[in-house]
Amino acid sequence: MSANAAKSPVVGGGASAKVSRLGLRTVALGYLALLLLMPLAMIFYRTFEHGLEPVWKAMTEPNAVHAFWLSIELVAIAVPLNTVFGIGIALLLERGSFRGRGALGLVIDLPFAISPIVVGLALVLVYGQAGWFGDWLSEHGIDVIFSVPGMVLATAFVSLPFVARETIPVLHELGTDSEQAAATLGANAWQTFWRVTLPAIRWGVVYGVVLTTARALGEFGAVSVVSGRIEGQTQQLPLYVQDRFENFDATGAYTAAVVLALLALATLLAMNLLTRRTRSRRAV
Amino acid sequence: MGRRRLPSPRRRPTSPGGLAGRVGARSASALGRGLLGIYLSVLVVLPIAALLARSSHGGLGAFWREVTSPEAQAAIKLTLVVSAAVVAINAVTGTLIAWVLVRDEFRGKKVVNALIDLPFALPTVVAGVVLLALYGKNGPLGIDITFTRTAVAMALLFVTLPFVARSVQPVLLELDGSAEEAAASLGAGRLTVFRRIVLPALTPAIISGIALSFARALGEFGSVVLISGNLPFKTEVGSVYIFGQIQNENLPAAAAVSVALMLLALVVLAALTLLSRSRSKHVR
């Protein structure tokens, strides 16, 4: 980066170049401050402006605690599923040769292209009362829509692509040389995967897991459709934020929002550390 | 796991994995694929199929009636117009931010660089709350954007901020400065150098960032729902309209508008991909 920055004064040069560079910098940083930084700072200020006591009260509210643990539960189910299947999908797309590869790639990218609301609607049309499996499910007493299983499906759908999409380029870069060497030395497919492939792709996978977790924690639209938003039952943290906001409980909404914002900042930190890690690994 | 194309194992009788190990690995791989197939069917394929089936349930005439009902039409139109305006702004600000992050040097640049991803990490509903904390009623600036189209645009600008910047940044990093230096030494002004040399090289990246922003803006729900007030014919975007129809149990209308928005996103993505391809050929 510094090499490129050193290049820029060469272009044009002189005092006017400096002025225009300062001008561009001011505009860019000003835009970011107005759109991102100041609103974010404001919400922290608003949350803590009356001290810690109301925040603590809002955090220990039974519905808030329930929403928090439900969010954790959804992440604990959706993220491992999408990690295992994501690695599998990455291996299939990168190493396998079969008909329907294009279709698999398309299915993986669908969650990026579809509105979360549409995801929720699509799930309702299969698992809801009037859906394809609605009668069968209600005959067997299984609740999916307006219940936690539906929320798991919605969360898993929207966070599906990340592990696969982050692992594929790493697998591609890795190539098959070391895997073939392992096979020649007598390792079977499982041994090759556990001892050669997985250690080599692990940081790509971890990066994908971080993104999956962030998406799963923050999902709102799809979950909003399938959950029924029942207080203390099917409200995870983002739904709780909306509920508090619409009930004019600013402290409750801001507190929950700040918890989610802190988790987002932790995600950013993890992403940054991981990028540095993969870069240094590649440089070696 | 993925089928490896390895040297034929039959010629290696000394393989410690042995025949049993290979058969085990193969059936494990078949089992893995089967599970993956079930997972993707339950999660993605069946719901999307149900959505398509429902939207075409009453034939093309019914579909068209739902999509062109006055409220649906207004919502779709607003979504398209605001999304177009938002990606146009993103094209400029995203390129500017990428430029400042690559070609400029200032203290705190790394922090700014990390913050660009905040909209990806922050739950969308929190984005809405955050914007309202500063620009909503009782905000410290005395501005109130709640329930306006400006608010919708602002929410969309927030959530799509990283796309163009992140897609332009690596291209700008790779860009060789020699052509710029040559042009400058031949007497081209800075603006001319940017317009004739830098911009053409960045165009494909800008277009792909625009495509991603546009797809995201078309489907965005969480950040818009609190801030826009969801007034029909005024601030109601497509995803919010769909949500309202689901709440009213008017699933045919919800399904039809969902599919219409998906089709629009597909058409725009395809057009932009073609444009980007012809552009990058043009440069080379």
# chains A, B, ... in the order shown; residues from 1 in each chain; ligands from 1

call {"tool": "closest_atom_pairs", "arguments": {"of": "segment 97-131 of chain A", "to": "segment 137-147 of chain A", "cutoff": "7 Å", "atoms": "only C-alpha atoms", "output": "tab-separated table"}}
result
residue	atom	partner	partner_atom	distance
A:Val124	CA	A:Ile145	CA	6.6
A:Tyr127	CA	A:Val144	CA	6.3
A:Gly128	CA	A:Ile145	CA	5.5

call {"tool": "select_by_dssp", "arguments": {"residues": "segment 43-272 of chain B", "states": "helix (DSSP H, G or I)", "output": "ChimeraX atom specification"}}
result
/B:43-55,59-67,70-103,109-115,118-121,124-135,149-174,178-185,190-219,222-228,238-247,251-272

call {"tool": "closest_atom_pairs", "arguments": {"of": "segment 159-255 of chain B", "to": "segment 237-261 of chain A", "cutoff": "12 Å", "atoms": "only C-alpha atoms", "output": "Markdown table"}}
result
| residue | atom | partner | partner_atom | distance |
| --- | --- | --- | --- | --- |
| B:Gly222 | CA | A:Pro238 | CA | 9.1 |
| B:Ser223 | CA | A:Gln242 | CA | 10.5 |
| B:Val224 | CA | A:Gln242 | CA | 11.7 |
| B:Val225 | CA | A:Gln242 | CA | 9.2 |
| B:Leu226 | CA | A:Gln242 | CA | 7.5 |
| B:Ile227 | CA | A:Phe245 | CA | 10.7 |
| B:Gly229 | CA | A:Glu246 | CA | 10.8 |

call {"tool": "closest_residue", "arguments": {"among": "B:Arg54, B:Arg103, B:Lys77, B:Arg65", "to": "Leu172 of chain B", "atoms": "only C-alpha atoms"}}
result
B:Arg103

call {"tool": "closest_residue", "arguments": {"among": "B:Val82, B:Leu60, B:Leu272, B:Leu96", "to": "chain A", "atoms": "only C-alpha atoms"}}
result
B:Leu96

call {"tool": "interface_residues", "arguments": {"of": "chain B", "to": "chain A", "cutoff": "6 Å", "atoms": "only C-alpha atoms", "output": "list in words"}}
result
Met1, Gly2, Arg3, Ser15, Gly17, Pro47, Ile48, Ala50, Leu51, Ile97, Val100, Arg103, Asp104, Ala121, Leu122, Pro123, Val126, Val130, Leu131, Ala133, Leu134, Glu181, Ala184, Arg190, Gly219, Gly222 and Ser258 of chain B
